[in-house]
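Q: upload.txt (compact mmCIF, C-alpha atoms) pasted underneath:
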```
# COMPACT_ATOMS: atom_id res chain seq x y z
CA MET H 48 77.55 89.91 89.64
CA ALA H 49 78.14 90.91 93.24
CA ARG H 50 75.69 89.89 95.92
CA VAL H 51 74.99 92.23 98.81
CA ARG H 52 75.09 90.40 102.16
CA GLY H 53 75.79 91.08 105.83
CA THR H 54 78.80 92.88 107.31
CA GLY H 55 80.86 89.87 108.35
CA TYR H 56 80.49 88.22 104.95
CA PHE H 57 82.63 90.75 103.16
CA LEU H 58 85.74 91.23 105.28
CA ILE H 59 89.02 90.04 103.83
CA CYS H 60 91.37 91.38 106.47
CA LEU H 61 92.63 88.12 107.97
CA TRP H 62 94.07 87.21 104.60
CA LEU H 63 96.54 90.04 105.01
CA ALA H 64 97.81 88.58 108.28
CA GLY H 65 98.50 85.22 106.71
CA PHE H 66 99.94 85.97 103.28
CA ALA H 67 102.97 87.92 102.12
CA VAL H 68 101.94 91.39 100.94
CA ALA H 69 104.88 93.54 102.01
CA ASP H 70 107.60 93.54 99.36
CA GLU H 71 106.67 90.66 97.09
CA LEU H 72 104.04 88.06 96.35
CA GLY H 73 106.32 85.19 97.26
CA VAL H 74 105.80 83.17 94.08
CA THR H 75 108.06 80.11 94.18
CA SER H 76 108.94 77.27 91.83
CA GLU H 77 106.72 74.95 93.87
CA MET H 78 103.77 77.28 93.45
CA LEU H 79 104.45 77.59 89.73
CA ASP H 80 104.63 73.81 89.38
CA MET H 81 101.24 73.56 91.09
CA VAL H 82 99.76 76.17 88.77
CA ALA H 83 101.14 74.43 85.67
CA SER H 84 99.81 71.08 86.85
CA GLU H 85 96.38 72.46 87.71
CA TYR H 86 95.83 75.01 84.94
CA GLY H 87 98.51 74.50 82.27
CA ARG H 88 101.78 76.10 81.15
CA SER H 89 100.19 79.34 79.96
CA ALA H 90 98.72 79.83 83.43
CA ARG H 91 102.21 79.42 84.89
CA GLY H 92 103.34 82.27 82.66
CA ARG H 93 100.51 84.50 83.87
CA VAL H 94 101.50 83.98 87.50
CA ILE H 95 105.13 84.81 86.65
CA ASP H 96 103.85 87.97 84.96
CA TRP H 97 101.97 88.81 88.18
CA GLN H 98 105.15 88.54 90.23
CA ASN H 99 107.05 90.58 87.63
CA LEU H 100 104.33 93.24 87.74
CA VAL H 101 104.96 93.74 91.45
CA ASP H 102 108.75 93.58 91.17
CA LYS H 103 108.85 96.19 88.37
CA ASN H 104 106.44 98.66 89.93
CA LEU H 105 107.48 98.77 93.60
CA THR H 106 109.19 102.16 93.32
CA ARG H 107 106.69 103.84 91.02
CA SER H 108 104.04 106.37 91.98
CA ASP H 109 100.66 105.29 93.29
CA GLU H 110 99.03 106.44 90.05
CA ASP H 111 101.39 104.30 87.96
CA LYS H 112 100.74 101.32 90.20
CA LEU H 113 96.97 101.74 89.88
CA ARG H 114 97.14 101.88 86.09
CA ALA H 115 99.48 98.90 85.82
CA VAL H 116 97.42 96.70 88.11
CA ASN H 117 94.10 97.68 86.55
CA ARG H 118 95.38 96.92 83.03
CA PHE H 119 96.96 93.65 84.12
CA PHE H 120 93.85 92.11 85.62
CA ASN H 121 91.38 93.55 83.11
CA ARG H 122 93.00 91.40 80.42
CA ASN H 123 91.18 88.44 81.95
CA ARG H 124 87.65 87.37 81.03
CA PHE H 125 84.53 88.19 82.99
CA LEU H 126 82.73 84.98 83.94
CA THR H 127 79.88 84.49 86.37
CA ASP H 128 80.44 82.09 89.25
CA GLN H 129 77.76 79.82 87.85
CA GLU H 130 79.39 79.40 84.45
CA HIS H 131 82.93 79.48 85.82
CA TRP H 132 82.77 77.42 89.02
CA HIS H 133 79.25 75.95 88.77
CA LYS H 134 78.45 77.58 92.10
CA GLU H 135 76.05 80.36 93.07
CA ASP H 136 78.82 82.34 94.75
CA TYR H 137 82.57 81.68 94.84
CA TRP H 138 85.36 84.07 95.83
CA ALA H 139 88.43 83.06 93.81
CA THR H 140 92.00 83.68 94.90
CA PRO H 141 94.26 85.66 92.54
CA ILE H 142 96.00 82.39 91.61
CA GLU H 143 92.64 80.89 90.62
CA LEU H 144 91.70 83.99 88.64
CA LEU H 145 95.00 83.99 86.75
CA GLY H 146 95.04 80.22 86.44
CA THR H 147 91.66 80.14 84.72
CA LYS H 148 92.11 83.56 83.06
CA GLY H 149 88.72 84.67 84.30
CA GLY H 150 86.53 85.68 87.21
CA ASP H 151 83.63 87.88 88.24
CA CYS H 152 83.71 91.45 89.54
CA GLU H 153 84.46 90.35 93.11
CA ASP H 154 87.48 88.33 91.98
CA PHE H 155 88.85 91.27 89.98
CA ALA H 156 88.43 93.75 92.84
CA ILE H 157 90.02 91.46 95.42
CA ALA H 158 92.96 90.56 93.17
CA LYS H 159 93.66 94.26 92.52
CA TYR H 160 93.43 95.03 96.23
CA ILE H 161 95.86 92.26 97.15
CA THR H 162 98.31 93.25 94.42
CA LEU H 163 98.30 96.93 95.36
CA ARG H 164 98.93 95.97 98.99
CA ALA H 165 101.92 93.95 97.74
CA LEU H 166 103.00 97.13 95.96
CA ARG H 167 103.10 98.85 99.38
CA ILE H 168 100.03 101.01 98.97
CA PRO H 169 98.70 101.43 102.53
CA ASP H 170 95.50 99.67 103.45
CA LYS H 171 93.92 102.98 104.48
CA LYS H 172 94.04 104.15 100.85
CA LEU H 173 92.16 101.15 99.44
CA ARG H 174 88.55 100.03 99.69
CA ILE H 175 86.75 97.11 98.10
CA THR H 176 83.48 98.84 97.27
CA TYR H 177 80.01 97.49 96.60
CA VAL H 178 78.00 99.58 94.17
CA LYS H 179 74.89 99.26 92.08
CA SER H 180 75.56 99.46 88.37
CA LEU H 181 72.74 101.66 87.09
CA THR H 182 73.56 100.63 83.52
CA LEU H 183 73.33 96.91 84.26
CA ASN H 184 70.72 97.34 87.03
CA GLN H 185 72.56 94.97 89.33
CA ALA H 186 75.01 94.85 92.21
CA HIS H 187 78.67 95.22 91.26
CA MET H 188 82.07 95.39 92.99
CA VAL H 189 84.98 97.72 92.26
CA LEU H 190 88.19 98.78 93.97
CA THR H 191 88.52 102.39 95.10
CA TYR H 192 91.65 104.37 95.93
CA TYR H 193 91.79 107.39 98.26
CA ALA H 194 94.85 109.62 97.92
CA THR H 195 93.76 111.18 101.25
CA PRO H 196 90.89 110.25 103.58
CA LYS H 197 88.70 113.09 102.28
CA ALA H 198 89.69 112.83 98.62
CA ILE H 199 87.29 111.82 95.88
CA PRO H 200 88.20 108.15 95.29
CA LEU H 201 89.45 106.75 92.01
CA VAL H 202 87.57 103.72 90.69
CA LEU H 203 89.27 100.59 89.34
CA ASP H 204 86.61 98.63 87.48
CA ASN H 205 86.80 95.44 85.47
CA LEU H 206 84.12 96.81 83.12
CA ILE H 207 86.29 99.68 81.83
CA ASN H 208 90.05 100.18 81.61
CA LEU H 209 90.07 103.91 82.30
CA ILE H 210 90.45 104.83 85.98
CA LYS H 211 88.05 107.66 86.76
CA PRO H 212 87.13 109.64 89.89
CA ALA H 213 83.97 108.38 91.56
CA THR H 214 82.12 111.61 90.77
CA SER H 215 82.57 110.84 87.06
CA ARG H 216 81.06 107.38 87.42
CA ILE H 217 77.44 108.48 87.44
CA ASP H 218 76.57 104.95 86.34
CA LEU H 219 77.55 103.61 89.78
CA LYS H 220 75.62 104.07 93.02
CA PRO H 221 77.86 103.31 96.04
CA ILE H 222 76.48 101.10 98.81
CA TYR H 223 79.36 100.35 101.18
CA SER H 224 83.04 99.53 101.20
CA PHE H 225 85.60 97.69 103.28
CA ASN H 226 89.29 96.93 103.68
CA GLY H 227 91.46 95.27 106.30
CA ASP H 228 90.66 98.02 108.80
CA GLY H 229 86.88 98.17 108.78
CA LEU H 230 83.56 98.66 107.02
CA TRP H 231 82.15 101.99 105.81
CA MET H 232 78.88 103.17 104.37
CA ALA H 233 80.07 104.42 100.99
CA LYS H 234 79.86 108.00 99.74
CA MET H 235 80.76 109.45 96.37
CA ARG H 236 82.93 112.16 97.92
CA GLY H 237 85.61 111.11 100.34
CA GLU H 238 85.46 108.72 103.24
CA GLY H 239 82.07 107.42 104.33
CA GLN H 240 80.82 106.75 107.83
CA ARG H 241 82.49 103.82 109.54
CA VAL H 242 79.87 101.29 110.62
CA GLY H 243 81.75 98.13 111.50
CA GLY H 244 84.99 96.27 111.95
CA VAL H 245 86.28 92.74 111.88
CA ASP H 246 83.76 90.25 113.19
CA ASP H 247 82.32 87.03 111.76
CA LEU H 248 84.52 85.69 108.93
CA ASP H 249 82.73 82.41 108.28
CA MET H 250 82.37 83.11 104.56
CA TRP H 251 86.11 83.57 104.30
CA LYS H 252 87.15 80.27 105.93
CA ASP H 253 87.28 78.43 102.64
CA PHE H 254 88.95 81.39 100.89
CA ILE H 255 91.63 81.72 103.58
CA GLU H 256 92.27 77.97 103.61
CA ARG H 257 92.84 78.01 99.86
CA MET H 258 95.11 81.04 100.16
CA GLN H 259 97.05 79.30 102.93
CA ARG H 260 97.52 76.19 100.83
CA GLU H 261 98.98 78.39 98.09
CA LYS H 262 101.19 80.16 100.63
CA ASP H 263 102.47 76.81 101.90
CA LEU H 264 104.08 76.31 98.49
CA GLU H 265 106.41 79.27 99.05
```
Rewrite the structure of this file - the entire thing - as structure tokens.

A:
Amino acid sequence: MARVRGTGYFLICLWLAGFAVADELGVTSEMLDMVASEYGRSARGRVIDWQNLVDKNLTRSDEDKLRAVNRFFNRNRFLTDQEHWHKEDYWATPIELLGTKGGDCEDFAIAKYITLRALRIPDKKLRITYVKSLTLNQAHMVLTYYATPKAIPLVLDNLINLIKPATSRIDLKPIYSFNGDGLWMAKMRGEGQRVGGVDDLDMWKDFIERMQREKDLE
């Protein structure tokens, strides 16, 4: 379950400055050895599949990339941070999600965002979006894709495999969204009102440090 907090808590943008997201994920033999040691041989295979996913889809359309990435990550289990990491709130890296074959809605949304950036989808088209699930009556996180700034976004959700326009997801009430460029108050139709940018990233220090340690194995 997602937890709604202050503006600075959510921003992931510095990760993009420190990790390869241009043409490939940069998975190396050293990284794979670490994954196998930490999570087992099957986890190593899942990380290889992640790299192959990017390599095979680089030249495809945005729509094909969205479908491939959504299917790939939705194969993993949904686990709360408490049962998974024995912590109230923990933002897992994609390696940790794939290594353990599970994560919560935040982990799914972030992993999809990072992977689609590696697939060369511009940052301006992607938003990590906080919503309220009216069905579950709780906060939830999804990834949204905007073909154009004013377009109705498409929703990539770990709860369902079908990618639908936001106007068809009447079960979700948008709250706000963010990407590497800034923070917006969310709207169901098109781009919301921008309310903030990059500021306090204290919550992300641990996340970035873990990502950097993984990057150092490239």

Q: Please, which residues are within 12 Å of (83.9, 87.2, 87.8) by the file's coordinates, counting all atoms listed in the file, and could they come as a VMD selection string?

A: chain H and resid 48 to 50 120 to 121 123 to 132 134 to 141 143 to 145 147 to 158 187 to 189 204 to 206

Q: Between CA of Pro212 in chain H and CA of Phe119 in chain H, what is the distance in Å, rounded to a tenth?

A: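 Computing it gives 19.6 Å between the two atoms.
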
Q: Using 9 Å as the limit and counting only C-alpha atoms, can you tabulate each residue of range 150-224 of chain H that touches range 90-102 of chain H, with its shortest atom-to-atom distance in Å and the two atoms involved, as a tab-separated table?

A:
```
residue	atom	partner	partner_atom	distance
H:Thr162	CA	H:Val101	CA	7.3
H:Leu163	CA	H:Val101	CA	8.4
H:Ala165	CA	H:Val101	CA	7.0
H:Leu166	CA	H:Val101	CA	6.0
```

Q: What does the distance between CA of Ser224 in chain H and CA of Tyr177 in chain H come to in Å, to one decimal place?

A: 5.9 Å

Q: Excluding Tyr192 in chain H and its own-chain neighbours fewer than 6 positions away, which residues fall within 6 Å of it when counting only C-alpha atoms? Please give them as an MDAnalysis selection string.

A: chainID H and resid 172:173 200:201

Q: For a test of reading the model, state the distance in Å between CA of Lys159 in chain H and CA of Ala194 in chain H, rounded to one decimal.

A: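 Here the two named atoms are 16.3 Å from each other.
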
Q: Give me, as number ranges by chain, all polymer residues having an atom no more than 10 Å from Leu181 in chain H, counting all atoms listed in the file and skipping those fewer than 4 positions away in the same chain.

A: H: 185-187, 217-220

Q: Point out the residue among H:Ile168, H:Ala198, H:Ile207, H:Ile222 with the least atom-to-atom distance to Lys112 in chain H, counting all atoms listed in the file.

A: H:Ile168

Q: Could you tell me which of H:Thr75, H:Ser84, H:Asn184, H:Thr176 comes closest to Tyr223 in chain H if we count all atoms listed in the file?

A: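 With all atoms listed in the file as the atom set, the closest residue is H:Thr176.
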
Q: Can you work out which one of H:Leu190, H:Leu72, H:Leu183, H:Ala213 has the shortest atom-to-atom distance to Leu105 in chain H, counting all atoms listed in the file?

A: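 Closest candidate: H:Leu72.
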